[in-house]
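A.B. asks: Sharing target_1.pdb, PDB, C-alpha atoms, pLDDT in the B column:
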ATOM      1  CA  ALA A   1       0.000   0.000   0.000  1.00 31.00           C
ATOM      2  CA  ALA A   2       1.073   3.550  -0.561  1.00 36.00           C
ATOM      3  CA  SER A   3       0.023   6.828   0.933  1.00 39.00           C
ATOM      4  CA  GLY A   4       0.710  10.291  -0.293  1.00 44.00           C
ATOM      5  CA  ALA A   5       1.218  13.829   0.742  1.00 44.00           C
ATOM      6  CA  SER A   6       0.489  17.069  -0.969  1.00 40.00           C
ATOM      7  CA  ALA A   7       2.406  20.191  -0.204  1.00 45.00           C
ATOM      8  CA  THR A   8       0.519  23.195  -1.457  1.00 42.00           C
ATOM      9  CA  ALA A   9       2.578  26.322  -1.381  1.00 46.00           C
ATOM     10  CA  ARG A  10       1.532  29.796  -2.304  1.00 42.00           C
ATOM     11  CA  ARG A  11       3.842  32.724  -2.802  1.00 42.00           C
ATOM     12  CA  PRO A  12       2.091  35.689  -1.170  1.00 39.00           C
ATOM     13  CA  LYS A  13       2.892  38.280  -3.884  1.00 35.00           C
ATOM     14  CA  PRO A  14       2.458  37.999  -6.765  1.00 36.00           C
ATOM     15  CA  VAL A  15       2.504  34.236  -7.418  1.00 43.00           C
ATOM     16  CA  ARG A  16       0.481  31.430  -5.849  1.00 47.00           C
ATOM     17  CA  VAL A  17       2.030  27.988  -6.141  1.00 52.00           C
ATOM     18  CA  GLU A  18       0.961  24.489  -5.152  1.00 55.00           C
ATOM     19  CA  ALA A  19       2.990  21.287  -4.671  1.00 57.00           C
ATOM     20  CA  VAL A  20       2.056  17.649  -4.145  1.00 61.00           C
ATOM     21  CA  ILE A  21       4.267  15.110  -2.358  1.00 65.00           C
ATOM     22  CA  VAL A  22       3.323  11.489  -3.029  1.00 60.00           C
ATOM     23  CA  ASN A  23       4.604   9.258  -0.239  1.00 62.00           C
ATOM     24  CA  TYR A  24       5.724   5.686  -0.911  1.00 51.00           C
ATOM     25  CA  ARG A  25       4.891   3.320   1.960  1.00 47.00           C
ATOM     26  CA  THR A  26       5.849  -0.178   0.904  1.00 45.00           C
ATOM     27  CA  ALA A  27       7.273  -3.284   2.538  1.00 39.00           C
ATOM     28  CA  ASP A  28       9.212  -4.205  -0.603  1.00 46.00           C
ATOM     29  CA  LEU A  29      12.052  -2.041  -1.897  1.00 44.00           C
ATOM     30  CA  THR A  30      13.089  -4.416  -4.683  1.00 47.00           C
ATOM     31  CA  GLU A  31      13.570  -3.059  -8.201  1.00 46.00           C
ATOM     32  CA  ALA A  32      10.491  -4.928  -9.468  1.00 48.00           C
ATOM     33  CA  CYS A  33       8.340  -3.431  -6.726  1.00 47.00           C
ATOM     34  CA  LEU A  34       9.639   0.077  -7.312  1.00 48.00           C
ATOM     35  CA  ARG A  35       8.976  -0.238 -11.048  1.00 51.00           C
ATOM     36  CA  ALA A  36       5.402  -1.287 -10.308  1.00 52.00           C
ATOM     37  CA  LEU A  37       5.016   1.603  -7.871  1.00 53.00           C
ATOM     38  CA  ALA A  38       6.308   4.044 -10.466  1.00 58.00           C
ATOM     39  CA  ARG A  39       3.745   2.755 -12.960  1.00 63.00           C
ATOM     40  CA  ASP A  40       0.892   3.094 -10.455  1.00 72.00           C
ATOM     41  CA  ARG A  41       2.019   6.482  -9.191  1.00 83.00           C
ATOM     42  CA  ARG A  42       2.417   8.000 -12.653  1.00 88.00           C
ATOM     43  CA  GLU A  43      -1.207   7.126 -13.372  1.00 89.00           C
ATOM     44  CA  GLU A  44      -2.388   8.506 -10.020  1.00 88.00           C
ATOM     45  CA  ILE A  45      -0.427  11.718 -10.476  1.00 90.00           C
ATOM     46  CA  ALA A  46      -1.727  12.193 -14.018  1.00 93.00           C
ATOM     47  CA  LEU A  47      -5.310  11.630 -12.889  1.00 92.00           C
ATOM     48  CA  PHE A  48      -4.794  14.027  -9.969  1.00 90.00           C
ATOM     49  CA  VAL A  49      -3.532  16.703 -12.346  1.00 92.00           C
ATOM     50  CA  ARG A  50      -6.390  16.129 -14.784  1.00 94.00           C
ATOM     51  CA  GLN A  51      -8.944  16.414 -11.989  1.00 92.00           C
ATOM     52  CA  THR A  52      -7.477  19.388 -10.140  1.00 90.00           C
ATOM     53  CA  GLN A  53      -5.549  21.275 -12.835  1.00 92.00           C
ATOM     54  CA  PRO A  54      -7.276  20.382 -16.132  1.00 93.00           C
ATOM     55  CA  GLY A  55      -6.087  23.517 -17.904  1.00 93.00           C
ATOM     56  CA  VAL A  56      -2.386  22.757 -17.492  1.00 95.00           C
ATOM     57  CA  GLN A  57      -0.467  23.861 -20.574  1.00 96.00           C
ATOM     58  CA  LYS A  58       3.241  23.821 -19.768  1.00 98.00           C
ATOM     59  CA  VAL A  59       4.969  21.169 -17.640  1.00 98.00           C
ATOM     60  CA  LEU A  60       8.596  20.908 -16.530  1.00 98.00           C
ATOM     61  CA  ASP A  61       9.797  17.413 -15.572  1.00 98.00           C
ATOM     62  CA  ILE A  62      13.013  17.765 -13.514  1.00 98.00           C
ATOM     63  CA  ALA A  63      15.264  14.682 -13.311  1.00 96.00           C
ATOM     64  CA  ALA A  64      12.819  13.168 -15.762  1.00 96.00           C
ATOM     65  CA  GLY A  65      14.611   9.830 -16.076  1.00 93.00           C
ATOM     66  CA  HIS A  66      12.429   7.569 -18.210  1.00 92.00           C
ATOM     67  CA  GLY A  67      10.021  10.478 -18.591  1.00 95.00           C
ATOM     68  CA  LEU A  68       6.947   8.396 -17.847  1.00 94.00           C
ATOM     69  CA  PHE A  69       5.449  10.748 -15.251  1.00 95.00           C
ATOM     70  CA  GLY A  70       5.382  13.670 -17.656  1.00 97.00           C
ATOM     71  CA  ILE A  71       4.469  11.523 -20.646  1.00 97.00           C
ATOM     72  CA  GLU A  72       1.445  10.123 -18.805  1.00 96.00           C
ATOM     73  CA  ILE A  73       0.252  13.675 -18.107  1.00 97.00           C
ATOM     74  CA  ALA A  74       0.700  14.586 -21.773  1.00 97.00           C
ATOM     75  CA  ARG A  75      -1.223  11.477 -22.782  1.00 96.00           C
ATOM     76  CA  ARG A  76      -4.196  12.410 -20.580  1.00 96.00           C
ATOM     77  CA  LEU A  77      -4.080  16.183 -21.173  1.00 97.00           C
ATOM     78  CA  PRO A  78      -3.803  16.873 -24.906  1.00 95.00           C
ATOM     79  CA  ASP A  79      -3.034  20.582 -24.449  1.00 96.00           C
ATOM     80  CA  ALA A  80      -0.071  19.970 -22.133  1.00 98.00           C
ATOM     81  CA  LYS A  81       3.414  20.618 -23.493  1.00 98.00           C
ATOM     82  CA  LEU A  82       6.309  18.896 -21.692  1.00 98.00           C
ATOM     83  CA  VAL A  83       9.864  20.031 -21.046  1.00 98.00           C
ATOM     84  CA  ALA A  84      12.073  17.246 -19.621  1.00 98.00           C
ATOM     85  CA  LEU A  85      15.366  17.965 -17.862  1.00 98.00           C
ATOM     86  CA  ASP A  86      18.021  15.306 -17.279  1.00 97.00           C
ATOM     87  CA  TRP A  87      21.342  14.099 -18.689  1.00 96.00           C
ATOM     88  CA  PRO A  88      21.486  13.598 -22.494  1.00 96.00           C
ATOM     89  CA  ASN A  89      21.738   9.787 -22.476  1.00 95.00           C
ATOM     90  CA  VAL A  90      18.730   9.562 -20.142  1.00 94.00           C
ATOM     91  CA  LEU A  91      16.677  11.996 -22.196  1.00 96.00           C
ATOM     92  CA  ALA A  92      17.199   9.833 -25.281  1.00 96.00           C
ATOM     93  CA  VAL A  93      15.168   7.106 -23.558  1.00 95.00           C
ATOM     94  CA  ALA A  94      12.435   9.568 -22.566  1.00 96.00           C
ATOM     95  CA  GLN A  95      12.205  10.948 -26.101  1.00 97.00           C
ATOM     96  CA  GLU A  96      11.812   7.453 -27.529  1.00 96.00           C
ATOM     97  CA  LEU A  97       9.019   6.699 -25.049  1.00 96.00           C
ATOM     98  CA  ALA A  98       7.334   9.996 -25.971  1.00 97.00           C
ATOM     99  CA  ARG A  99       7.413   8.917 -29.620  1.00 97.00           C
ATOM    100  CA  GLU A 100       5.938   5.544 -28.755  1.00 96.00           C
ATOM    101  CA  VAL A 101       3.031   7.198 -26.931  1.00 96.00           C
ATOM    102  CA  GLY A 102       2.537   9.772 -29.699  1.00 97.00           C
ATOM    103  CA  VAL A 103       3.304  12.949 -27.727  1.00 98.00           C
ATOM    104  CA  GLN A 104       6.694  13.728 -29.279  1.00 97.00           C
ATOM    105  CA  SER A 105       5.411  16.942 -30.898  1.00 98.00           C
ATOM    106  CA  ARG A 106       4.669  18.295 -27.382  1.00 98.00           C
ATOM    107  CA  TYR A 107       7.881  17.012 -25.804  1.00 98.00           C
ATOM    108  CA  ARG A 108      11.174  18.883 -25.689  1.00 97.00           C
ATOM    109  CA  THR A 109      14.242  18.564 -23.494  1.00 98.00           C
ATOM    110  CA  ILE A 110      16.858  20.484 -21.516  1.00 98.00           C
ATOM    111  CA  ALA A 111      20.096  18.541 -21.030  1.00 98.00           C
ATOM    112  CA  GLY A 112      22.111  19.085 -17.866  1.00 97.00           C
ATOM    113  CA  ASP A 113      22.016  19.730 -14.122  1.00 97.00           C
ATOM    114  CA  ALA A 114      18.796  21.092 -12.593  1.00 97.00           C
ATOM    115  CA  PHE A 115      20.842  23.253 -10.219  1.00 97.00           C
ATOM    116  CA  GLN A 116      22.854  24.825 -13.048  1.00 97.00           C
ATOM    117  CA  GLN A 117      20.578  24.977 -16.091  1.00 97.00           C
ATOM    118  CA  GLU A 118      18.143  27.780 -16.844  1.00 97.00           C
ATOM    119  CA  LEU A 119      14.711  26.273 -16.354  1.00 97.00           C
ATOM    120  CA  GLY A 120      12.678  28.847 -18.211  1.00 97.00           C
ATOM    121  CA  THR A 121       9.431  30.402 -17.004  1.00 96.00           C
ATOM    122  CA  GLY A 122       5.689  30.155 -17.401  1.00 96.00           C
ATOM    123  CA  TYR A 123       5.222  26.616 -16.119  1.00 96.00           C
ATOM    124  CA  ASP A 124       1.828  25.545 -14.814  1.00 95.00           C
ATOM    125  CA  LEU A 125       3.309  22.389 -13.306  1.00 95.00           C
ATOM    126  CA  VAL A 126       6.751  21.166 -12.268  1.00 95.00           C
ATOM    127  CA  LEU A 127       7.376  17.455 -11.636  1.00 96.00           C
ATOM    128  CA  LEU A 128      10.119  16.669  -9.132  1.00 93.00           C
ATOM    129  CA  THR A 129       9.923  12.888  -8.666  1.00 91.00           C
ATOM    130  CA  ASN A 130      12.345  10.705  -6.706  1.00 90.00           C
ATOM    131  CA  PHE A 131      14.897  13.493  -6.427  1.00 94.00           C
ATOM    132  CA  LEU A 132      14.892  15.555  -3.231  1.00 95.00           C
ATOM    133  CA  HIS A 133      15.959  12.652  -1.008  1.00 94.00           C
ATOM    134  CA  HIS A 134      19.424  12.771  -2.602  1.00 95.00           C
ATOM    135  CA  PHE A 135      20.253  16.149  -1.055  1.00 97.00           C
ATOM    136  CA  SER A 136      20.459  18.069   2.192  1.00 97.00           C
ATOM    137  CA  ALA A 137      17.470  20.113   3.326  1.00 97.00           C
ATOM    138  CA  ALA A 138      19.334  23.339   2.532  1.00 97.00           C
ATOM    139  CA  THR A 139      20.131  22.149  -0.996  1.00 97.00           C
ATOM    140  CA  CYS A 140      16.516  21.081  -1.525  1.00 97.00           C
ATOM    141  CA  GLU A 141      15.335  24.504  -0.406  1.00 97.00           C
ATOM    142  CA  THR A 142      17.695  26.183  -2.877  1.00 97.00           C
ATOM    143  CA  LEU A 143      16.243  24.138  -5.735  1.00 97.00           C
ATOM    144  CA  LEU A 144      12.656  24.731  -4.583  1.00 96.00           C
ATOM    145  CA  HIS A 145      13.304  28.469  -4.564  1.00 95.00           C
ATOM    146  CA  LYS A 146      14.570  28.238  -8.152  1.00 96.00           C
ATOM    147  CA  ILE A 147      11.489  26.240  -9.157  1.00 95.00           C
ATOM    148  CA  HIS A 148       9.235  28.720  -7.389  1.00 93.00           C
ATOM    149  CA  GLN A 149      10.517  31.468  -9.662  1.00 94.00           C
ATOM    150  CA  CYS A 150       9.592  29.625 -12.868  1.00 95.00           C
ATOM    151  CA  LEU A 151       5.928  28.943 -12.020  1.00 93.00           C
ATOM    152  CA  VAL A 152       2.900  30.938 -13.106  1.00 90.00           C
ATOM    153  CA  THR A 153       0.184  32.095 -10.735  1.00 81.00           C
ATOM    154  CA  ASP A 154      -1.650  28.996  -9.470  1.00 81.00           C
ATOM    155  CA  GLY A 155       1.229  26.832 -10.690  1.00 85.00           C
ATOM    156  CA  ARG A 156       1.993  23.570  -8.944  1.00 88.00           C
ATOM    157  CA  VAL A 157       4.942  21.357  -8.004  1.00 91.00           C
ATOM    158  CA  ILE A 158       4.530  17.602  -7.624  1.00 88.00           C
ATOM    159  CA  THR A 159       7.187  15.534  -5.897  1.00 88.00           C
ATOM    160  CA  LEU A 160       7.350  11.774  -5.300  1.00 85.00           C
ATOM    161  CA  GLU A 161       9.180  10.653  -2.171  1.00 86.00           C
ATOM    162  CA  PHE A 162       9.436   8.206   0.709  1.00 85.00           C
ATOM    163  CA  VAL A 163       8.149  10.166   3.722  1.00 86.00           C
ATOM    164  CA  PRO A 164       8.546   8.771   7.260  1.00 89.00           C
ATOM    165  CA  ASN A 165       6.290   9.601  10.158  1.00 89.00           C
ATOM    166  CA  ASP A 166       7.434  12.280  12.592  1.00 92.00           C
ATOM    167  CA  ASP A 167       9.136   9.646  14.755  1.00 91.00           C
ATOM    168  CA  ARG A 168      11.386   8.887  11.729  1.00 88.00           C
ATOM    169  CA  VAL A 169      11.337   5.119  12.446  1.00 86.00           C
ATOM    170  CA  THR A 170       7.887   4.249  11.101  1.00 88.00           C
ATOM    171  CA  PRO A 171       6.785   2.811   8.837  1.00 83.00           C
ATOM    172  CA  PRO A 172       9.812   0.465   8.898  1.00 82.00           C
ATOM    173  CA  PRO A 173      10.349   0.282   5.095  1.00 79.00           C
ATOM    174  CA  VAL A 174      10.583   4.059   4.895  1.00 80.00           C
ATOM    175  CA  ALA A 175      13.004   4.118   7.827  1.00 79.00           C
ATOM    176  CA  GLU A 176      15.040   1.545   5.908  1.00 83.00           C
ATOM    177  CA  PHE A 177      15.061   3.825   2.883  1.00 82.00           C
ATOM    178  CA  SER A 178      16.301   6.663   5.069  1.00 84.00           C
ATOM    179  CA  LEU A 179      19.243   4.512   6.162  1.00 86.00           C
ATOM    180  CA  ILE A 180      19.978   3.718   2.514  1.00 86.00           C
ATOM    181  CA  MET A 181      20.102   7.431   1.707  1.00 89.00           C
ATOM    182  CA  LEU A 182      22.366   8.137   4.668  1.00 84.00           C
ATOM    183  CA  ALA A 183      24.730   5.375   3.550  1.00 87.00           C
ATOM    184  CA  THR A 184      24.771   6.019  -0.196  1.00 88.00           C
ATOM    185  CA  THR A 185      24.485   9.807  -0.621  1.00 91.00           C
ATOM    186  CA  PRO A 186      26.655  12.629   0.745  1.00 91.00           C
ATOM    187  CA  GLU A 187      23.773  14.419   2.469  1.00 93.00           C
ATOM    188  CA  GLY A 188      20.543  12.709   1.439  1.00 93.00           C
ATOM    189  CA  ASP A 189      17.706  11.564   3.700  1.00 93.00           C
ATOM    190  CA  ALA A 190      14.044  10.571   3.783  1.00 91.00           C
ATOM    191  CA  TYR A 191      12.407  13.718   5.118  1.00 93.00           C
ATOM    192  CA  THR A 192       9.257  13.972   7.203  1.00 92.00           C
ATOM    193  CA  PHE A 193       6.306  15.979   5.974  1.00 91.00           C
ATOM    194  CA  LYS A 194       7.067  18.681   8.546  1.00 94.00           C
ATOM    195  CA  GLU A 195      10.577  18.950   7.154  1.00 95.00           C
ATOM    196  CA  TYR A 196       9.163  19.311   3.643  1.00 93.00           C
ATOM    197  CA  GLU A 197       6.824  22.010   4.933  1.00 91.00           C
ATOM    198  CA  GLN A 198       9.840  23.903   6.255  1.00 93.00           C
ATOM    199  CA  MET A 199      11.683  23.542   2.943  1.00 94.00           C
ATOM    200  CA  PHE A 200       8.728  24.795   0.902  1.00 91.00           C
ATOM    201  CA  SER A 201       8.099  27.646   3.315  1.00 88.00           C
ATOM    202  CA  GLY A 202      11.752  28.672   3.210  1.00 92.00           C
ATOM    203  CA  ALA A 203      11.598  28.689  -0.590  1.00 92.00           C
ATOM    204  CA  GLY A 204       8.671  31.102  -0.545  1.00 82.00           C
ATOM    205  CA  PHE A 205       5.718  28.714  -0.626  1.00 81.00           C
ATOM    206  CA  SER A 206       2.853  29.531   1.702  1.00 74.00           C
ATOM    207  CA  ARG A 207       0.786  26.351   2.112  1.00 76.00           C
ATOM    208  CA  THR A 208       1.408  22.614   2.297  1.00 76.00           C
ATOM    209  CA  GLU A 209      -1.111  19.756   2.272  1.00 75.00           C
ATOM    210  CA  LEU A 210      -0.913  16.005   2.804  1.00 72.00           C
ATOM    211  CA  HIS A 211      -3.019  13.775   0.506  1.00 69.00           C
ATOM    212  CA  PRO A 212      -3.017   9.995   1.141  1.00 63.00           C
ATOM    213  CA  VAL A 213      -3.113   7.787  -1.956  1.00 57.00           C
ATOM    214  CA  GLN A 214      -4.007   4.118  -2.259  1.00 53.00           C
TER     215      GLN A 214
END
Rewrite the structure from the file as structure tokens, please.

C.D. replies:
Amino acid sequence: AASGASATARRPKPVRVEAVIVNYRTADLTEACLRALARDRREEIALFVRQTQPGVQKVLDIAAGHGLFGIEIARRLPDAKLVALDWPNVLAVAQELAREVGVQSRYRTIAGDAFQQELGTGYDLVLLTNFLHHFSAATCETLLHKIHQCLVTDGRVITLEFVPNDDRVTPPPVAEFSLIMLATTPEGDAYTFKEYEQMFSGAGFSRTELHPVQ
């Protein structure tokens, strides 16, 4: 089972911004399980966007990887144009998948580092999936501030993360993931929802919300 969190953040003047954090809660961290979760979550995220932000026109997919989260949104929202950011060899895979789904005419790419590249402006939605846990809270906040600047009024950020309870040791699989991050990244961690609230607030966002998902 999985549960999710939404962080809705609004910049007081002049921009209002929302963000959604989907929270993995699984007893199986194997590659097969995570692939299945990614498939399920991309559909849930796309349906969430279609239901709550049906007029989305411009989407930025940061650390796009296979690109499936953004591609699924483009598939369900025919007016949405996607910009995917990642390393060139990874983007080649995403572009091929976009062609297979038939959204290649609405899919373009930015090659490079999200912290260094110009992201552009005017985005209705930014996808930030499976990424923030690699970095320190301060580094995450720096990136969120940069993202905040590229969103339109009523824009939204969606992230996908493992989020532990406030005690940081439950549920056990998420605590295990936190240990993996501590062991395999310089400063990464699995952050609690309160910690994400602090990051978003520090980046200029004004509201956060938690939305469980099945």

A.B. asks: If you count all atoms listed in the file, which residues fall within 12 Å of Gly202 of chain A, apart from same-chain ones fewer than 6 positions away, as JSON, numbers by chain?

C.D. replies: {"A": [9, 10, 11, 137, 138, 139, 140, 141, 142, 143, 144, 145, 146, 148, 195, 196]}

A.B. asks: Once the PyMOL selection byres ((chain A and resi 88) around 9) has been applied to the shown file, what residues remain in the selection, as a short mmCIF file (atom, residue, chain, number, x, y, z; two decimals) with C-alpha atoms, in the coordinates of the input?

C.D. replies:
data_model
loop_
_atom_site.label_atom_id
_atom_site.label_comp_id
_atom_site.auth_asym_id
_atom_site.auth_seq_id
_atom_site.Cartn_x
_atom_site.Cartn_y
_atom_site.Cartn_z
CA LEU A 85 15.37 17.96 -17.86
CA ASP A 86 18.02 15.31 -17.28
CA TRP A 87 21.34 14.10 -18.69
CA ASN A 89 21.74 9.79 -22.48
CA VAL A 90 18.73 9.56 -20.14
CA LEU A 91 16.68 12.00 -22.20
CA ALA A 92 17.20 9.83 -25.28
CA THR A 109 14.24 18.56 -23.49
CA ILE A 110 16.86 20.48 -21.52
CA ALA A 111 20.10 18.54 -21.03
CA GLY A 112 22.11 19.08 -17.87
#

A.B. asks: At a cut-off of 6 Å, using all atoms listed in the file, what residues contact Lys58 of chain A? Leave out same-chain residues fewer than 6 positions from it and give the result as a short mmCIF file (atom, residue, chain, number, x, y, z; two decimals) with C-alpha atoms, in the frame of the given file.

C.D. replies:
data_model
loop_
_atom_site.label_atom_id
_atom_site.label_comp_id
_atom_site.auth_asym_id
_atom_site.auth_seq_id
_atom_site.Cartn_x
_atom_site.Cartn_y
_atom_site.Cartn_z
CA ALA A 80 -0.07 19.97 -22.13
CA LYS A 81 3.41 20.62 -23.49
CA TYR A 123 5.22 26.62 -16.12
CA ASP A 124 1.83 25.54 -14.81
#

A.B. asks: What is the distance between atom CA of Gln95 of chain A and atom CA of Leu82 of chain A, in Å to one decimal?

C.D. replies: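 Separation of atom CA of Gln95 of chain A and atom CA of Leu82 of chain A: 10.8 Å.
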
A.B. asks: How close does each residue of segment 36-121 of chain A get to segment 155-160 of chain A, giving the shortest atom pair and distance in Å to one decimal for every residue with an atom at most 10 Å away, counting all atoms listed in the file, sorted by chain and residue number, as JSON lines?

C.D. replies:
{"residue": "A:Ala38", "atom": "CA", "partner": "A:Leu160", "partner_atom": "CA", "distance": 9.4}
{"residue": "A:Arg41", "atom": "CA", "partner": "A:Leu160", "partner_atom": "CA", "distance": 8.5}
{"residue": "A:Arg42", "atom": "CA", "partner": "A:Leu160", "partner_atom": "CA", "distance": 9.6}
{"residue": "A:Ile45", "atom": "CA", "partner": "A:Ile158", "partner_atom": "CA", "distance": 8.2}
{"residue": "A:Val49", "atom": "CA", "partner": "A:Ile158", "partner_atom": "CA", "distance": 9.4}
{"residue": "A:Gln53", "atom": "CA", "partner": "A:Arg156", "partner_atom": "CA", "distance": 8.8}
{"residue": "A:Val56", "atom": "CA", "partner": "A:Gly155", "partner_atom": "CA", "distance": 8.7}
{"residue": "A:Lys58", "atom": "CA", "partner": "A:Gly155", "partner_atom": "CA", "distance": 9.8}
{"residue": "A:Val59", "atom": "CA", "partner": "A:Arg156", "partner_atom": "CA", "distance": 9.5}
{"residue": "A:Leu60", "atom": "CA", "partner": "A:Val157", "partner_atom": "CA", "distance": 9.3}
{"residue": "A:Asp61", "atom": "CA", "partner": "A:Ile158", "partner_atom": "CA", "distance": 9.5}
{"residue": "A:Ile62", "atom": "CA", "partner": "A:Thr159", "partner_atom": "CA", "distance": 9.8}
